[in-house]
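Asks: I have a structure I would like to understand better, so I am pasting it below and will then ask my questions one at a time.
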Amino acid sequence: MFTADFGCLQFIDNSFTLTSIILDQIGVVFVPSAAFINHSCTPNAVVVFPEGGEGAGSTAGKEWVKVIAIKPIEPGEEILTSYIDSAGTRQERRNELVKRYKFVCDCQACQSESNDQQVDPREALKCPKCTNWFSIGPKRPNAPDSCNISSPAFEMSSPGGSRPDAGPSSSKRAVRKEIACPHCGFSRLIDVEGQRSAIKKSGKALDPAKEPAKAAYYAEKAMEWFQSKLSPFTFGPGFYPILDLRRMRMASYLMRSQKSNLSQATSDVQQILTGVHEVYGVGHPSSVVTRSVIAQVYGYMCASTVDAETKPTNARQIKLELQLFENLRANQAAALDEARIGFGAVHGGGRLGRSIARSIELTEREIIALRSLLQSSAT
């Protein structure tokens with residue numbers, strides 16, 4: 001929240017981040033009635049601006065702020081929203097809530113580590129020995145002491161203004177802790193938190209919209225580096241900060257809009273969707289925006305037939321184009337369904353949802369045109 005940068009800490013309490021329809025931060029807004037809602041890292045409701053926060057300063061601005069249920073809420077059940085981004089680890093979330101709101105979170109997500117059967121997607125690793133998934137987190141009481149070992153940490157630099165490079169810096173000292181599989185006991189000493197911190201610090205100033213090539217390169221190298229440090233364990237799709245890195249890479253590819261880049265972006269789609277749904281849940285605004293970006297990726301891979309001067313005549317080519325547009329429509333429809341959850345069905349999914357609906361109409365036109373061409377080519 002930008003106000004903290006100016007030392008206006010009093011703005012933090014009982015305020016909400018003012019966002020655009022794609023959740024870009026604009027400022028802060030005070031909504032006293034919504035401020036009474038308690039926090040959960042697994043909320044059943046969200047405070048959103050379905051029409052975008054740009055108009056929140058107007059006379060009708062208060063009407064732009066909505067509390068939307070994103071899960072079924074039974075009569076008498078408490079309405080809960082998340083005060084922070086819930087993609088971070090349990091410890092990061094708790095630290096942020098203590099610092100900003102002066103309370104220790106004890107919600108279901110923050111208690112889940114005590115349940116060995118429940119795997120937190122933000123800290124899910126796959127054991128190479130027994131192939132079971134498990135959560136890492138604070139050291140268990142019977143775990144061995146940490147080991148102070150000199151270990152390279154991820155750094156990103158751009159020497160001489162050339163292409164950014166990512167790699168180890170032996171000047172860093174890391175604290176390796178035992179990561180042990182609770183199912184079979186397989187373990188390794190790994191500095192997970194040190195690598196997380198270094199990656200977060202290195203990529204903090206990167207903006208895919210302004211430096212797409214640099215952001216894509218950084219995300220790629222950061223993921224490779226992180227996986228090498230976690231080896232032989234494998235991280236899950238919602239693992240922090242891998243999910244954020246994948247989303248950064250996809251967004252940066254979209255900014256460059258080259259088919260070769262977009263093909264690479266589509267390879268991340270299923271991992272991103274799985275991670276977003278595991279962490280945020282279907283219909284959460286973060287999932288809505290991710291879905292809409294994915295639809296845009298598929299959209300850039302399609303070539304308009306309706307507006308083209310030269311129409312395809314080869315049946316094979318027409319079928320390929322038709323398949324691309326049908327895939328696009330499926331992704332657009334999924335994005336619209338989630339928008340109607342996250343930004344409210346009564347609002348048509350908000351401004352973003354209505355934009356997606358208009359895109360679906362254009363896609364339908366292309367599908368009809370291609371089917372007509374396919375039928376003509378067969379005669």
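In the structure tokens, chains take the letters A, B, ... in the order shown, each chain's residues start at 1, and ligands count up from 1 in the order shown.
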Within 9 Å of Ile84 in chain A, counting only C-alpha atoms, which residues qualify if same-chain residues fewer than 2 places away don't, as a ChimeraX atom specification?

Replies: /A:39,41,82,86-87,93,96-97

Asks: Mind checking which residues fall within 12 Å of Leu362 in chain A, counting only C-alpha atoms, ignoring those fewer than 2 positions away in the same chain, and posting them as a list of chain:residue names?

Replies: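 My reading of the contact set: A:Gly299, A:Cys302, A:Ser304, A:Thr305, A:Val306, A:Asp307, A:Phe325, A:Glu326, A:Leu328, A:Arg329, A:Gln332, A:Ser355, A:Ile356, A:Ala357, A:Arg358, A:Ser359, A:Ile360, A:Glu364, A:Arg365, A:Glu366, A:Ile367, A:Ile368, A:Ala369.
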
Asks: In Å, with one decimal, what is the gap from CA of Val276 in chain A to CA of Tyr217 in chain A?

Replies: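 Going from CA of Val276 in chain A over to CA of Tyr217 in chain A, I get 21.9 Å.
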
Asks: So that each row is one residue of range 169-285 of chain A with an atom at most 8 Å from range 126-139 of chain A, can you give its shortest atom pair and the distance in Å to one decimal, using only C-alpha atoms, rows by chain and rising number, as a Markdown table?

Replies:
```
| residue | atom | partner | partner_atom | distance |
| --- | --- | --- | --- | --- |
| A:Ile179 | CA | A:Ile136 | CA | 6.9 |
| A:Cys181 | CA | A:Cys127 | CA | 6.3 |
| A:Pro182 | CA | A:Phe134 | CA | 7.2 |
| A:His183 | CA | A:Asn132 | CA | 7.2 |
| A:Cys184 | CA | A:Cys130 | CA | 6.5 |
| A:Phe186 | CA | A:Lys129 | CA | 6.9 |
| A:Pro232 | CA | A:Pro128 | CA | 6.2 |
| A:Phe233 | CA | A:Cys127 | CA | 5.5 |
| A:Thr234 | CA | A:Lys126 | CA | 5.0 |
| A:Phe235 | CA | A:Lys126 | CA | 6.3 |
| A:Gly236 | CA | A:Lys126 | CA | 7.2 |
```

Asks: List the neighbours of range 247-254 of chain A out to 9 Å using only C-alpha atoms; skip same-chain residues closer than 6 positions along the sequence, and give me the result as a list in words.

Replies: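 Once the nearby chain positions are removed, what remains is Asp207, Pro208, Ala209, Lys210, Glu211, Pro212, Ala213, Lys214, Ala215, Ala216, Tyr217, Tyr218, Ala219, Glu220, Asn261, Leu262, Gln264, Ala265, Thr266, Asp268, Val269, Ile272, Thr290, Val293, Ile294, Gln296, Val297 and Tyr300 of chain A.
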
Asks: Save out the residues we just selected, N, CA and C atoms, as a PDB file, in the first residue's frame.

Replies:
```pdb
ATOM      1  N   ASP A 207       8.795  -4.957 -13.514  1.00  0.00           N
ATOM      2  CA  ASP A 207       7.429  -4.740 -13.970  1.00  0.00           C
ATOM      3  C   ASP A 207       7.300  -5.343 -15.367  1.00  0.00           C
ATOM      4  N   PRO A 208       6.545  -6.472 -15.503  1.00  0.00           N
ATOM      5  CA  PRO A 208       6.406  -7.100 -16.819  1.00  0.00           C
ATOM      6  C   PRO A 208       5.867  -6.156 -17.886  1.00  0.00           C
ATOM      7  N   ALA A 209       5.049  -5.178 -17.480  1.00  0.00           N
ATOM      8  CA  ALA A 209       4.473  -4.246 -18.451  1.00  0.00           C
ATOM      9  C   ALA A 209       5.531  -3.315 -19.033  1.00  0.00           C
ATOM     10  N   LYS A 210       6.543  -2.965 -18.230  1.00  0.00           N
ATOM     11  CA  LYS A 210       7.576  -2.030 -18.674  1.00  0.00           C
ATOM     12  C   LYS A 210       8.808  -2.741 -19.231  1.00  0.00           C
ATOM     13  N   GLU A 211       9.145  -3.890 -18.649  1.00  0.00           N
ATOM     14  CA  GLU A 211      10.337  -4.622 -19.084  1.00  0.00           C
ATOM     15  C   GLU A 211       9.991  -6.096 -19.282  1.00  0.00           C
ATOM     16  N   PRO A 212       9.161  -6.422 -20.279  1.00  0.00           N
ATOM     17  CA  PRO A 212       8.701  -7.804 -20.440  1.00  0.00           C
ATOM     18  C   PRO A 212       9.816  -8.811 -20.674  1.00  0.00           C
ATOM     19  N   ALA A 213      10.809  -8.458 -21.485  1.00  0.00           N
ATOM     20  CA  ALA A 213      11.901  -9.391 -21.762  1.00  0.00           C
ATOM     21  C   ALA A 213      12.707  -9.675 -20.502  1.00  0.00           C
ATOM     22  N   LYS A 214      12.999  -8.623 -19.760  1.00  0.00           N
ATOM     23  CA  LYS A 214      13.767  -8.765 -18.527  1.00  0.00           C
ATOM     24  C   LYS A 214      12.990  -9.571 -17.491  1.00  0.00           C
ATOM     25  N   ALA A 215      11.678  -9.307 -17.384  1.00  0.00           N
ATOM     26  CA  ALA A 215      10.845 -10.020 -16.413  1.00  0.00           C
ATOM     27  C   ALA A 215      10.746 -11.501 -16.756  1.00  0.00           C
ATOM     28  N   ALA A 216      10.582 -11.813 -18.043  1.00  0.00           N
ATOM     29  CA  ALA A 216      10.485 -13.212 -18.468  1.00  0.00           C
ATOM     30  C   ALA A 216      11.787 -13.952 -18.195  1.00  0.00           C
ATOM     31  N   TYR A 217      12.903 -13.310 -18.504  1.00  0.00           N
ATOM     32  CA  TYR A 217      14.213 -13.922 -18.285  1.00  0.00           C
ATOM     33  C   TYR A 217      14.454 -14.149 -16.791  1.00  0.00           C
ATOM     34  N   TYR A 218      14.114 -13.147 -16.011  1.00  0.00           N
ATOM     35  CA  TYR A 218      14.281 -13.258 -14.565  1.00  0.00           C
ATOM     36  C   TYR A 218      13.447 -14.403 -14.009  1.00  0.00           C
ATOM     37  N   ALA A 219      12.165 -14.458 -14.391  1.00  0.00           N
ATOM     38  CA  ALA A 219      11.273 -15.491 -13.869  1.00  0.00           C
ATOM     39  C   ALA A 219      11.782 -16.882 -14.225  1.00  0.00           C
ATOM     40  N   GLU A 220      12.230 -17.044 -15.465  1.00  0.00           N
ATOM     41  CA  GLU A 220      12.743 -18.332 -15.924  1.00  0.00           C
ATOM     42  C   GLU A 220      13.958 -18.759 -15.104  1.00  0.00           C
ATOM     43  N   ASN A 261       6.634 -16.734 -28.107  1.00  0.00           N
ATOM     44  CA  ASN A 261       6.578 -16.478 -26.673  1.00  0.00           C
ATOM     45  C   ASN A 261       5.274 -16.981 -26.078  1.00  0.00           C
ATOM     46  N   LEU A 262       4.168 -16.764 -26.801  1.00  0.00           N
ATOM     47  CA  LEU A 262       2.862 -17.151 -26.293  1.00  0.00           C
ATOM     48  C   LEU A 262       2.727 -18.665 -26.206  1.00  0.00           C
ATOM     49  N   GLN A 264       5.095 -20.632 -25.369  1.00  0.00           N
ATOM     50  CA  GLN A 264       5.757 -20.943 -24.107  1.00  0.00           C
ATOM     51  C   GLN A 264       4.836 -20.622 -22.938  1.00  0.00           C
ATOM     52  N   ALA A 265       4.096 -19.509 -23.042  1.00  0.00           N
ATOM     53  CA  ALA A 265       3.196 -19.107 -21.962  1.00  0.00           C
ATOM     54  C   ALA A 265       2.100 -20.138 -21.744  1.00  0.00           C
ATOM     55  N   THR A 266       1.587 -20.725 -22.831  1.00  0.00           N
ATOM     56  CA  THR A 266       0.505 -21.698 -22.685  1.00  0.00           C
ATOM     57  C   THR A 266       0.962 -22.955 -21.957  1.00  0.00           C
ATOM     58  N   ASP A 268       2.551 -23.029 -19.319  1.00  0.00           N
ATOM     59  CA  ASP A 268       2.420 -22.765 -17.884  1.00  0.00           C
ATOM     60  C   ASP A 268       0.972 -22.731 -17.417  1.00  0.00           C
ATOM     61  N   VAL A 269       0.027 -22.684 -18.363  1.00  0.00           N
ATOM     62  CA  VAL A 269      -1.368 -22.400 -18.026  1.00  0.00           C
ATOM     63  C   VAL A 269      -1.928 -23.339 -16.968  1.00  0.00           C
ATOM     64  N   ILE A 272      -0.389 -22.845 -13.556  1.00  0.00           N
ATOM     65  CA  ILE A 272      -0.835 -21.585 -12.960  1.00  0.00           C
ATOM     66  C   ILE A 272      -2.260 -21.706 -12.447  1.00  0.00           C
ATOM     67  N   THR A 290      -6.295 -13.776 -13.379  1.00  0.00           N
ATOM     68  CA  THR A 290      -5.411 -14.771 -13.992  1.00  0.00           C
ATOM     69  C   THR A 290      -6.099 -15.452 -15.160  1.00  0.00           C
ATOM     70  N   VAL A 293      -6.193 -13.138 -18.164  1.00  0.00           N
ATOM     71  CA  VAL A 293      -4.884 -13.048 -18.821  1.00  0.00           C
ATOM     72  C   VAL A 293      -4.638 -14.293 -19.672  1.00  0.00           C
ATOM     73  N   ILE A 294      -5.006 -15.455 -19.141  1.00  0.00           N
ATOM     74  CA  ILE A 294      -4.853 -16.702 -19.895  1.00  0.00           C
ATOM     75  C   ILE A 294      -5.680 -16.651 -21.179  1.00  0.00           C
ATOM     76  N   GLN A 296      -6.454 -13.994 -22.813  1.00  0.00           N
ATOM     77  CA  GLN A 296      -5.754 -13.081 -23.728  1.00  0.00           C
ATOM     78  C   GLN A 296      -4.600 -13.778 -24.437  1.00  0.00           C
ATOM     79  N   VAL A 297      -3.898 -14.645 -23.703  1.00  0.00           N
ATOM     80  CA  VAL A 297      -2.789 -15.391 -24.307  1.00  0.00           C
ATOM     81  C   VAL A 297      -3.300 -16.218 -25.483  1.00  0.00           C
ATOM     82  N   TYR A 300      -4.314 -14.003 -28.530  1.00  0.00           N
ATOM     83  CA  TYR A 300      -3.231 -13.523 -29.381  1.00  0.00           C
ATOM     84  C   TYR A 300      -2.710 -14.610 -30.322  1.00  0.00           C
TER      85      TYR A 300
END
```

Asks: May I have the residues within 10 Å of Gly88 in chain A as a list in words, using only C-alpha atoms and disregarding those fewer than 3 positions away in the same chain?

Replies: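 Skipping anything fewer than 3 positions along the chain leaves Cys41, Ile84, Asp85, Gln91, Glu92, Arg93, Arg94, Glu96, Arg122, Glu123, Gly238, Phe239, Tyr240, Pro241, Asp244 and Val279 of chain A.
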
Asks: Select, from A:Ser187, A:Val46, A:Val65, A:Leu374, the residue with the minimum atom-to-atom distance to Val29 in chain A, counting only C-alpha atoms.

Replies: A:Val65

Asks: Have a look at CA of Asp337 in chain A and CA of Ile22 in chain A and let me know their distance in Å, one decimal.

Replies: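 About the pair CA of Asp337 in chain A and CA of Ile22 in chain A: they are 15.8 Å apart.
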
Asks: Select, from A:Ser228, A:Leu370, A:Glu74, A:Ser20, the residue with the minimum atom-to-atom distance to Glu51 in chain A, counting only C-alpha atoms.

Replies: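 Closest residue, counting only C-alpha atoms: A:Ser20.
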